[in-house]
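Here is protein15.txt, consisting of compact mmCIF, C-alpha atoms:
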# COMPACT_ATOMS: atom_id res chain seq x y z
CA MET A 162 90.40 102.14 62.09
CA ARG A 163 87.47 100.62 60.18
CA LEU A 164 85.95 102.98 57.63
CA LEU A 165 83.89 100.50 55.62
CA LEU A 166 80.12 100.82 55.99
CA ASP A 167 78.16 97.86 57.29
CA THR A 168 74.95 96.56 55.70
CA GLU A 169 72.63 98.67 57.83
CA GLN A 170 74.59 101.85 57.18
CA ARG A 171 74.59 101.25 53.42
CA ALA A 172 70.84 100.60 53.47
CA PHE A 173 70.28 103.78 55.48
CA VAL A 174 72.28 105.88 53.01
CA THR A 175 70.54 104.30 50.01
CA SER A 176 67.05 104.87 51.42
CA LEU A 177 67.83 108.47 52.37
CA ASP A 178 69.23 109.18 48.91
CA ALA A 179 66.16 107.68 47.24
CA MET A 180 63.80 109.73 49.39
CA LEU A 181 65.65 112.98 48.75
CA THR A 182 65.98 112.29 45.02
CA ALA A 183 62.20 112.04 44.79
CA ALA A 184 61.69 115.23 46.79
CA ASP A 185 62.75 117.75 44.09
CA THR A 186 64.92 119.68 46.51
CA PRO A 187 65.76 122.55 44.09
CA ALA A 188 62.07 123.53 44.11
CA VAL A 189 62.01 123.23 47.91
CA ILE A 190 65.09 125.46 48.20
CA ARG A 191 63.56 128.13 45.99
CA ASP A 192 60.37 128.10 48.07
CA TRP A 193 62.42 128.33 51.25
CA SER A 194 64.43 131.29 49.97
CA ARG A 195 61.17 133.16 49.22
CA GLY A 196 59.90 132.59 52.74
CA ALA A 197 57.41 129.89 51.72
CA HIS A 198 58.28 127.14 54.18
CA ALA A 199 55.47 124.60 53.67
CA SER A 200 57.39 122.35 51.28
CA GLY A 201 60.54 122.67 53.40
CA ARG A 202 58.72 121.63 56.55
CA ALA A 203 57.18 118.68 54.73
CA LEU A 204 60.65 117.58 53.62
CA TRP A 205 61.91 118.15 57.18
CA SER A 206 59.26 115.74 58.45
CA ARG A 207 60.33 113.09 55.95
CA VAL A 208 63.98 113.50 56.95
CA ALA A 209 62.92 113.07 60.59
CA GLU A 210 60.89 109.97 59.72
CA ALA A 211 64.08 108.52 58.25
CA GLY A 212 65.59 108.89 61.74
CA VAL A 213 68.16 111.59 61.00
CA PHE A 214 67.45 113.92 63.92
CA ALA A 215 66.88 111.04 66.31
CA LEU A 216 70.52 110.07 65.75
CA ALA A 217 71.53 113.15 67.78
CA VAL A 218 69.00 112.60 70.58
CA PRO A 219 69.67 110.10 73.41
CA GLU A 220 67.36 107.11 73.79
CA ALA A 221 66.16 108.50 77.13
CA HIS A 222 64.47 111.30 75.19
CA GLU A 223 62.92 109.19 72.39
CA GLY A 224 65.98 109.26 70.15
CA LEU A 225 68.49 106.75 68.79
CA GLY A 226 71.77 108.41 69.65
CA PRO A 227 74.16 109.84 69.92
CA ARG A 228 75.47 108.13 66.78
CA PRO A 229 78.00 110.44 65.11
CA VAL A 230 78.99 108.05 62.31
CA GLU A 231 75.42 107.64 61.11
CA LEU A 232 74.91 111.40 61.48
CA ALA A 233 77.91 112.04 59.25
CA LEU A 234 76.57 109.63 56.64
CA ALA A 235 73.16 111.29 56.75
CA PHE A 236 74.61 114.77 56.38
CA ILE A 237 76.64 113.75 53.35
CA GLU A 238 73.33 112.89 51.67
CA LEU A 239 71.65 116.05 52.96
CA GLY A 240 74.51 118.01 51.39
CA ARG A 241 74.31 116.09 48.12
CA HIS A 242 70.69 117.14 47.82
CA ALA A 243 71.19 120.64 49.32
CA VAL A 244 68.34 120.22 51.80
CA PRO A 245 67.49 123.63 53.31
CA GLY A 246 66.85 124.47 56.94
CA PRO A 247 68.80 124.63 60.22
CA LEU A 248 70.04 121.04 59.97
CA VAL A 249 73.39 121.47 61.69
CA GLU A 250 71.90 123.80 64.24
CA THR A 251 69.22 121.27 65.21
CA VAL A 252 71.88 118.63 65.83
CA ALA A 253 73.87 121.11 67.92
CA ALA A 254 70.75 122.01 69.91
CA ALA A 255 70.03 118.36 70.63
CA THR A 256 73.55 117.82 71.95
CA LEU A 257 73.42 121.00 74.02
CA LEU A 258 70.10 120.13 75.66
CA ALA A 259 70.94 116.46 76.26
CA GLY A 260 74.06 117.32 78.28
CA LEU A 261 72.62 119.93 80.65
CA ASP A 262 72.84 119.31 84.38
CA ASP A 263 69.15 120.19 84.66
CA PRO A 264 67.20 117.51 82.73
CA ALA A 265 63.98 119.54 82.54
CA PRO A 266 64.75 121.41 79.26
CA ALA A 267 65.77 118.16 77.57
CA LYS A 268 62.57 116.40 78.63
CA ARG A 269 60.54 119.35 77.39
CA LEU A 270 62.23 119.95 74.03
CA LEU A 271 64.15 116.90 72.79
CA PRO A 272 61.26 114.54 71.88
CA ALA A 273 59.89 117.13 69.44
CA LEU A 274 63.33 117.54 67.85
CA ALA A 275 63.78 113.79 67.44
CA ALA A 276 60.35 113.43 65.82
CA GLY A 277 60.82 116.37 63.46
CA GLU A 278 57.92 118.23 65.03
CA ALA A 279 60.21 121.16 65.84
CA MET A 280 63.16 122.89 64.21
CA ALA A 281 65.96 124.35 66.27
CA THR A 282 68.65 126.90 65.61
CA THR A 283 71.77 127.41 67.70
CA THR A 284 74.36 130.17 67.67
CA THR A 285 77.39 131.40 69.54
CA GLY A 286 77.80 134.53 67.41
CA ARG A 287 76.08 137.65 66.15
CA TYR A 288 73.55 135.98 63.86
CA MET A 289 71.12 133.07 64.03
CA LEU A 290 70.30 130.89 61.02
CA ASP A 291 66.60 130.50 60.16
CA ALA A 292 65.50 131.94 63.50
CA SER A 293 62.21 133.13 62.03
CA VAL A 294 61.14 129.59 61.11
CA SER A 295 62.70 127.71 64.04
CA ASP A 296 60.59 126.63 67.00
CA ILE A 297 63.57 126.43 69.39
CA ARG A 298 66.25 129.12 69.40
CA LEU A 299 69.31 128.54 71.58
CA THR A 300 71.98 131.19 72.15
CA ALA A 301 75.29 130.49 73.90
CA LEU A 302 76.89 133.88 74.47
CA ARG A 303 79.47 135.23 76.87
CA VAL A 304 78.11 137.84 79.23
CA SER A 305 79.84 141.21 79.43
CA PRO A 306 82.93 140.69 81.60
CA ALA A 307 82.80 142.56 84.91
CA ARG A 308 86.31 141.54 85.86
CA PRO A 309 89.53 140.41 84.10
CA ALA A 310 88.58 136.74 84.50
CA PRO A 311 86.90 135.09 81.45
CA ALA A 312 83.20 135.90 81.32
CA PRO A 313 80.77 132.99 81.74
CA THR A 314 78.70 131.69 78.85
CA GLU A 315 74.93 131.81 79.20
CA LEU A 316 72.73 129.33 77.36
CA ARG A 317 69.34 130.91 76.71
CA LEU A 318 66.10 129.98 74.99
CA ALA A 319 65.73 133.07 72.84
CA PRO A 320 62.51 134.74 71.68
CA PRO A 321 61.50 135.01 68.01
CA PRO A 322 63.34 137.68 66.00
CA ASP A 323 61.84 141.16 65.90
CA GLY A 324 62.25 141.91 62.21
CA PRO A 325 62.58 140.14 58.88
CA PRO A 326 65.69 138.04 58.29
CA HIS A 327 68.68 139.15 56.25
CA ARG A 328 69.65 137.44 53.03
CA SER A 329 72.98 135.65 52.83
CA LEU A 330 75.15 134.35 50.02
CA ASP A 331 73.26 131.05 50.11
CA PRO A 332 69.60 131.80 49.23
CA ALA A 333 68.50 128.99 51.54
CA ARG A 334 70.15 130.62 54.57
CA ARG A 335 68.36 133.52 56.29
CA LEU A 336 70.12 135.27 59.16
CA SER A 337 68.69 137.23 62.08
CA PRO A 338 70.55 139.25 64.75
CA THR A 339 71.16 137.24 67.90
CA PRO A 340 69.16 138.47 70.92
CA ARG A 341 70.65 138.49 74.40
CA THR A 342 67.34 137.94 76.13
CA GLY A 343 65.27 134.84 76.85
CA GLU A 344 64.91 132.06 79.37
CA LEU A 345 68.23 131.21 81.03
CA LEU A 346 68.80 127.46 80.77
CA ALA A 347 72.37 127.15 82.08
CA THR A 348 75.61 129.01 82.74
CA ASP A 349 78.79 127.53 81.28
CA PRO A 350 76.94 124.39 80.14
CA PRO A 351 79.26 121.35 80.01
CA SER A 352 77.56 120.21 76.81
CA LEU A 353 78.66 123.28 74.82
CA PRO A 354 82.06 121.93 73.66
CA PRO A 355 80.62 118.57 72.49
CA ALA A 356 77.79 120.40 70.71
CA LEU A 357 80.22 122.67 68.88
CA LEU A 358 82.37 119.67 67.98
CA LEU A 359 79.43 117.74 66.53
CA ALA A 360 78.21 120.82 64.66
CA ARG A 361 81.62 121.17 63.01
CA LEU A 362 81.64 117.47 62.12
CA VAL A 363 78.25 117.41 60.42
CA THR A 364 79.05 120.68 58.63
CA ALA A 365 82.09 118.95 57.18
CA ALA A 366 79.93 115.99 56.13
CA GLN A 367 77.37 118.30 54.56
CA ALA A 368 80.11 120.12 52.65
CA LEU A 369 81.46 116.80 51.38
CA GLY A 370 78.00 115.97 50.03
CA VAL A 371 77.77 119.35 48.34
CA GLY A 372 81.15 118.78 46.67
CA LEU A 373 80.10 115.33 45.44
CA ALA A 374 76.93 116.78 43.94
CA LEU A 375 78.88 119.54 42.20
CA LEU A 376 81.25 116.98 40.72
CA ASP A 377 78.40 114.77 39.47
CA ARG A 378 76.59 117.71 37.90
CA THR A 379 79.75 119.00 36.25
CA VAL A 380 80.67 115.60 34.83
CA ALA A 381 77.18 115.29 33.35
CA HIS A 382 77.49 118.80 31.86
CA VAL A 383 80.86 118.27 30.18
CA ARG A 384 79.56 115.08 28.62
CA ARG A 385 76.67 116.99 27.02
CA ARG A 386 78.37 120.22 26.02
CA THR A 387 80.32 120.10 22.76
CA GLN A 388 82.99 122.27 21.18
CA PHE A 389 84.78 121.64 17.88
CA GLY A 390 82.47 118.68 17.35
CA ALA A 391 83.42 116.83 20.54
CA PRO A 392 82.21 116.79 24.16
CA ILE A 393 84.37 119.12 26.24
CA GLY A 394 84.75 116.30 28.74
CA SER A 395 87.03 114.58 26.25
CA PHE A 396 89.56 117.44 26.44
CA GLN A 397 92.63 116.64 28.49
CA ALA A 398 92.60 119.91 30.45
CA VAL A 399 89.00 119.32 31.55
CA LYS A 400 89.81 115.74 32.58
CA HIS A 401 92.69 116.97 34.75
CA GLN A 402 90.51 119.57 36.47
CA LEU A 403 87.81 117.02 37.29
CA ALA A 404 90.40 114.48 38.42
CA ASP A 405 91.81 117.01 40.89
CA VAL A 406 88.32 117.61 42.30
CA LYS A 407 87.67 113.88 42.57
CA ILE A 408 90.95 113.26 44.41
CA ALA A 409 90.29 116.08 46.88
CA LEU A 410 86.81 114.77 47.67
CA GLU A 411 87.99 111.18 48.06
CA PHE A 412 90.72 112.30 50.44
CA ALA A 413 88.15 114.26 52.43
CA ARG A 414 85.77 111.31 52.83
CA PRO A 415 87.98 109.24 55.20
CA LEU A 416 88.79 112.40 57.15
CA VAL A 417 85.08 112.91 57.83
CA LEU A 418 84.33 109.28 58.67
CA GLY A 419 87.48 108.96 60.75
CA ALA A 420 86.60 112.09 62.71
CA ALA A 421 83.12 110.68 63.34
CA LEU A 422 84.76 107.63 64.92
CA THR A 423 87.33 109.42 67.07
CA LEU A 424 85.48 112.70 67.82
CA THR A 425 88.69 114.47 68.75
CA GLU A 426 88.93 118.20 68.21
CA ARG A 427 91.97 117.83 65.96
CA ASP A 428 90.41 115.16 63.73
CA VAL A 429 87.15 117.07 63.38
CA ALA A 430 88.99 120.28 62.49
CA ALA A 431 91.04 118.40 59.87
CA ALA A 432 87.84 116.95 58.42
CA LYS A 433 86.26 120.41 58.30
CA VAL A 434 89.23 121.86 56.43
CA GLY A 435 89.53 118.92 54.06
CA ALA A 436 85.84 118.63 53.19
CA CYS A 437 85.10 122.34 52.90
CA GLU A 438 88.18 123.09 50.83
CA ALA A 439 87.40 120.15 48.55
CA ALA A 440 83.81 121.36 48.14
CA TYR A 441 84.97 124.92 47.50
CA GLY A 442 87.41 123.63 44.89
CA ALA A 443 84.60 121.62 43.30
CA ALA A 444 82.48 124.79 43.18
CA ARG A 445 85.22 126.80 41.48
CA THR A 446 85.80 124.07 38.90
CA ALA A 447 82.08 123.60 38.30
CA LEU A 448 81.64 127.33 37.72
CA GLN A 449 84.53 127.46 35.27
CA LEU A 450 83.44 124.41 33.27
CA HIS A 451 79.79 125.45 33.11
CA GLY A 452 80.70 128.87 31.79
CA ALA A 453 78.26 131.78 31.91
CA ILE A 454 75.24 129.63 32.72
CA GLY A 455 76.85 128.71 36.05
CA TYR A 456 76.53 132.32 37.22
CA THR A 457 72.77 132.49 36.75
CA ALA A 458 70.55 132.16 39.82
CA GLU A 459 67.90 130.39 37.72
CA TYR A 460 70.22 127.46 37.01
CA ASP A 461 70.10 124.78 39.73
CA LEU A 462 73.90 124.56 39.97
CA HIS A 463 73.78 127.95 41.70
CA LEU A 464 72.11 126.35 44.76
CA TRP A 465 75.11 124.10 45.38
CA LEU A 466 77.73 126.72 44.47
CA THR A 467 76.51 129.17 47.10
CA LYS A 468 76.11 126.48 49.74
CA ALA A 469 79.71 125.34 49.28
CA ARG A 470 80.88 128.90 49.93
CA ALA A 471 78.63 129.37 52.97
CA LEU A 472 79.62 126.08 54.62
CA ARG A 473 83.31 126.90 54.20
CA THR A 474 83.12 129.46 57.01
CA ALA A 475 80.25 128.01 59.05
CA TRP A 476 81.20 126.62 62.49
CA GLY A 477 84.86 127.47 62.05
CA GLY A 478 86.62 128.83 58.99
CA PRO A 479 89.72 127.33 57.34
CA ASP A 480 92.22 129.39 59.35
CA GLU A 481 90.60 128.55 62.67
CA CYS A 482 90.43 124.84 61.90
CA ARG A 483 94.02 124.72 60.63
CA ALA A 484 95.14 126.36 63.88
CA VAL A 485 93.38 123.61 65.84
CA VAL A 486 95.09 120.93 63.77
CA LEU A 487 98.51 122.50 64.22
CA SER A 488 98.03 122.98 67.96
CA GLY A 489 97.09 119.33 68.46
CA GLY A 490 93.56 119.97 69.73
CA ARG A 491 92.07 118.02 72.56
CA ARG A 492 89.48 115.33 73.16
CA TRP A 493 86.13 116.36 74.63
Let me see whether you can do it: turn the structure in this file into structure tokens.
Amino acid sequence: MRLLLDTEQRAFVTSLDAMLTAADTPAVIRDWSRGAHASGRALWSRVAEAGVFALAVPEAHEGLGPRPVELALAFIELGRHAVPGPLVETVAAATLLAGLDDPAPAKRLLPALAAGEAMATTTTGRYMLDASVSDIRLTALRVSPARPAPAPTELRLAPPPDGPPHRSLDPARRLSPTPRTGELLATDPPSLPPALLLARLVTAAQALGVGLALLDRTVAHVRRRTQFGAPIGSFQAVKHQLADVKIALEFARPLVLGAALTLTERDVAAAKVGACEAAYGAARTALQLHGAIGYTAEYDLHLWLTKARALRTAWGGPDECRAVVLSGGRRW
């Protein structure tokens, strides 16, 4: 298995990192958490111009994909910079729509997703992420069973939420109750399993990026902060803690890239566990080494700490993903 990036992939990652570095994403996140979405939508458009969302949309609908490896690379950078918005959910929506038996919804909705002219959110549970700001809201819910057989899953284009969104642990994530109404697009859509698989993969990639950012910020902090006349980063105990975080993240990276190549359920679940647990470990270490300042919402580190915790349970928690790995999974 080849996990080395080629020239085009390295250039893509470098350009995306440069663009996001110049975007001042902490300020964008704080605007987004207050409900001021103008700066977030502007950043969304720049991410789309870089081709990120087009990587999930087939060429037949004005996209470049599906290209899961490049998507994983992009989401690592999006996680490093903590870009807000329904990023994973838009990728899941693109996969869901592209694989429907009826091509009409894809023709109607996918070009806008690829171009960044529309945001999408997708859910299979009780809450929808950023439903109030999304232009396309897809729900994939089982109908109430009328008989002992498994109930079918209905894919619907949901209406806007009725009330204001709920706050979550991550200030950049706003949740709304999932409606059961809306335009019926399909019943038991064949594209649902691949969409869920890709959502889990890019969530793992995003978590890996969050963990890398936490490590970088913590290393910079321990080099600046002094105790007993020396930087705390020179203390052996601190070095060991940061080395453990670095090892966990470096072990998670090939899991994510390997899963993007194979796209098997087992590999993607392993990547989700590895990346999210590494990011969560990075968050715990960052909080400990920053001390009291790490707890304050005004300090930028807080934006990555909360995202690491939220991504850990998004699109499949650790227990669920470990069960998939142990059961052997299957290939979609």
Restricting the calculation to all atoms listed in the file, which member of A:Ala199, A:Leu261, A:Leu466, A:Leu316 is positioned closest to A:Ser352?
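So, comparing all the options, the nearest one is A:Leu261.
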For A:Ala197, which residue out of A:Leu248, A:Gly240, A:Ser293, A:Pro320 is the nearest one, using all atoms listed in the file?
A:Ser293
Selection near A:Ala172, 12 Å with all atoms listed in the file, sequence-local residues under 5 positions removed, as a compact mmCIF listing (two decimals) with C-alpha atoms, keeping the file's coordinate frame:
# COMPACT_ATOMS: atom_id res chain seq x y z
CA LEU A 166 80.12 100.82 55.99
CA ASP A 167 78.16 97.86 57.29
CA LEU A 177 67.83 108.47 52.37
CA ASP A 178 69.23 109.18 48.91
CA ALA A 179 66.16 107.68 47.24
CA ALA A 211 64.08 108.52 58.25
CA GLU A 231 75.42 107.64 61.11
CA LEU A 234 76.57 109.63 56.64
CA ALA A 235 73.16 111.29 56.75
Could you pull out every residue with an atom within 10 Å of (60.8, 139.3, 69.3), file coordinates, counting only C-alpha atoms, and send them as a PDB file with C-alpha atoms, keeping the file's coordinate frame?
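Generated file (out_11.pdb):
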ATOM      1  CA  SER A 293      62.210 133.130  62.030  1.00  0.00           C
ATOM      2  CA  ALA A 319      65.730 133.070  72.840  1.00  0.00           C
ATOM      3  CA  PRO A 320      62.510 134.740  71.680  1.00  0.00           C
ATOM      4  CA  PRO A 321      61.500 135.010  68.010  1.00  0.00           C
ATOM      5  CA  PRO A 322      63.340 137.680  66.000  1.00  0.00           C
ATOM      6  CA  ASP A 323      61.840 141.160  65.900  1.00  0.00           C
ATOM      7  CA  GLY A 324      62.250 141.910  62.210  1.00  0.00           C
ATOM      8  CA  PRO A 340      69.160 138.470  70.920  1.00  0.00           C
ATOM      9  CA  THR A 342      67.340 137.940  76.130  1.00  0.00           C
ATOM     10  CA  GLY A 343      65.270 134.840  76.850  1.00  0.00           C
TER      11      GLY A 343
END
Within 10 Å of (77.8, 141.5, 71.2) (file coordinates; all atoms listed in the file), which protein or nucleic acid residues are there? I'd like them as a PyMOL selection string.
chain A and resi 286-287+302-305+338-341
Would you mind reading off the distance between atom CA of A:Ala443 and atom CA of A:Gln397, one decimal, in Å?
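We find that atom CA of A:Ala443 and atom CA of A:Gln397 lie 17.6 Å from each other.
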Assuming 3 Å of padding per side, give the centre and edge lengths of the axis-aligned box around every listed atom of stretch 361-370 of chain A, in Å to one decimal and as lines of an AutoDock Vina configuration file.
center_x = 79.7
center_y = 118.6
center_z = 56.5
size_x = 10.7
size_y = 11.2
size_z = 19.0
Between A:Pro227, A:Gly489, A:Gly212, A:Gly370, which one has atoms that come closest to A:Ala356, using all atoms listed in the file?
A:Pro227
Applying 12 Å and all atoms listed in the file, which residues near A:Pro245 remain after dropping the ones on its own chain fewer than 6 positions away? List them as an NGL selection string.
:A and (181 or 185-194 or 196-198 or 200-205 or 208 or 236 or 239 or 280 or 290-291 or 294 or 331-335 or 367 or 464-465 or 468)
Nearest to A:Val429 among A:Arg195, A:Lys268, A:Arg361, A:Arg386, with distances taken over all atoms listed in the file: which residue is it?
A:Arg361
Suppose you want the space between atom CA of A:Phe396 and atom CA of A:Arg414; what is it in Å?
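Straight-line distance from atom CA of A:Phe396 to atom CA of A:Arg414 works out to 27.4 Å.
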Residue among A:Gly224, A:Pro326, A:Pro264, A:Pro313 lying closest to A:Tyr288, counting all atoms listed in the file:
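Nearest candidate to A:Tyr288 out of A:Gly224, A:Pro326, A:Pro264, A:Pro313: A:Pro326.
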What's the 12 Å shell around A:Leu422, counting all atoms listed in the file, without same-chain residues fewer than 3 positions away, as a list of chain:residue names?
A:Met162, A:Arg163, A:Leu164, A:Leu165, A:Pro227, A:Arg228, A:Pro229, A:Val230, A:Glu231, A:Leu232, A:Ala233, A:Leu234, A:Leu359, A:Leu362, A:Pro415, A:Leu416, A:Val417, A:Leu418, A:Gly419, A:Thr425, A:Glu426, A:Asp428, A:Val429, A:Ala432
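Taking atom CA of A:Ala360 and atom CA of A:Pro479 as endpoints, the distance between them is 15.1 Å.
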Neighbours of A:Ser395 within 12 Å (all atoms listed in the file; same-chain residues fewer than 6 positions away dropped), as a PyMOL selection string?
chain A and resi 380+382-389+401-403
Judged by only C-alpha atoms, the minimum distance to A:Leu299 among A:Thr256, A:Thr182, A:Ser206, A:Ser329 is found for A:Thr256
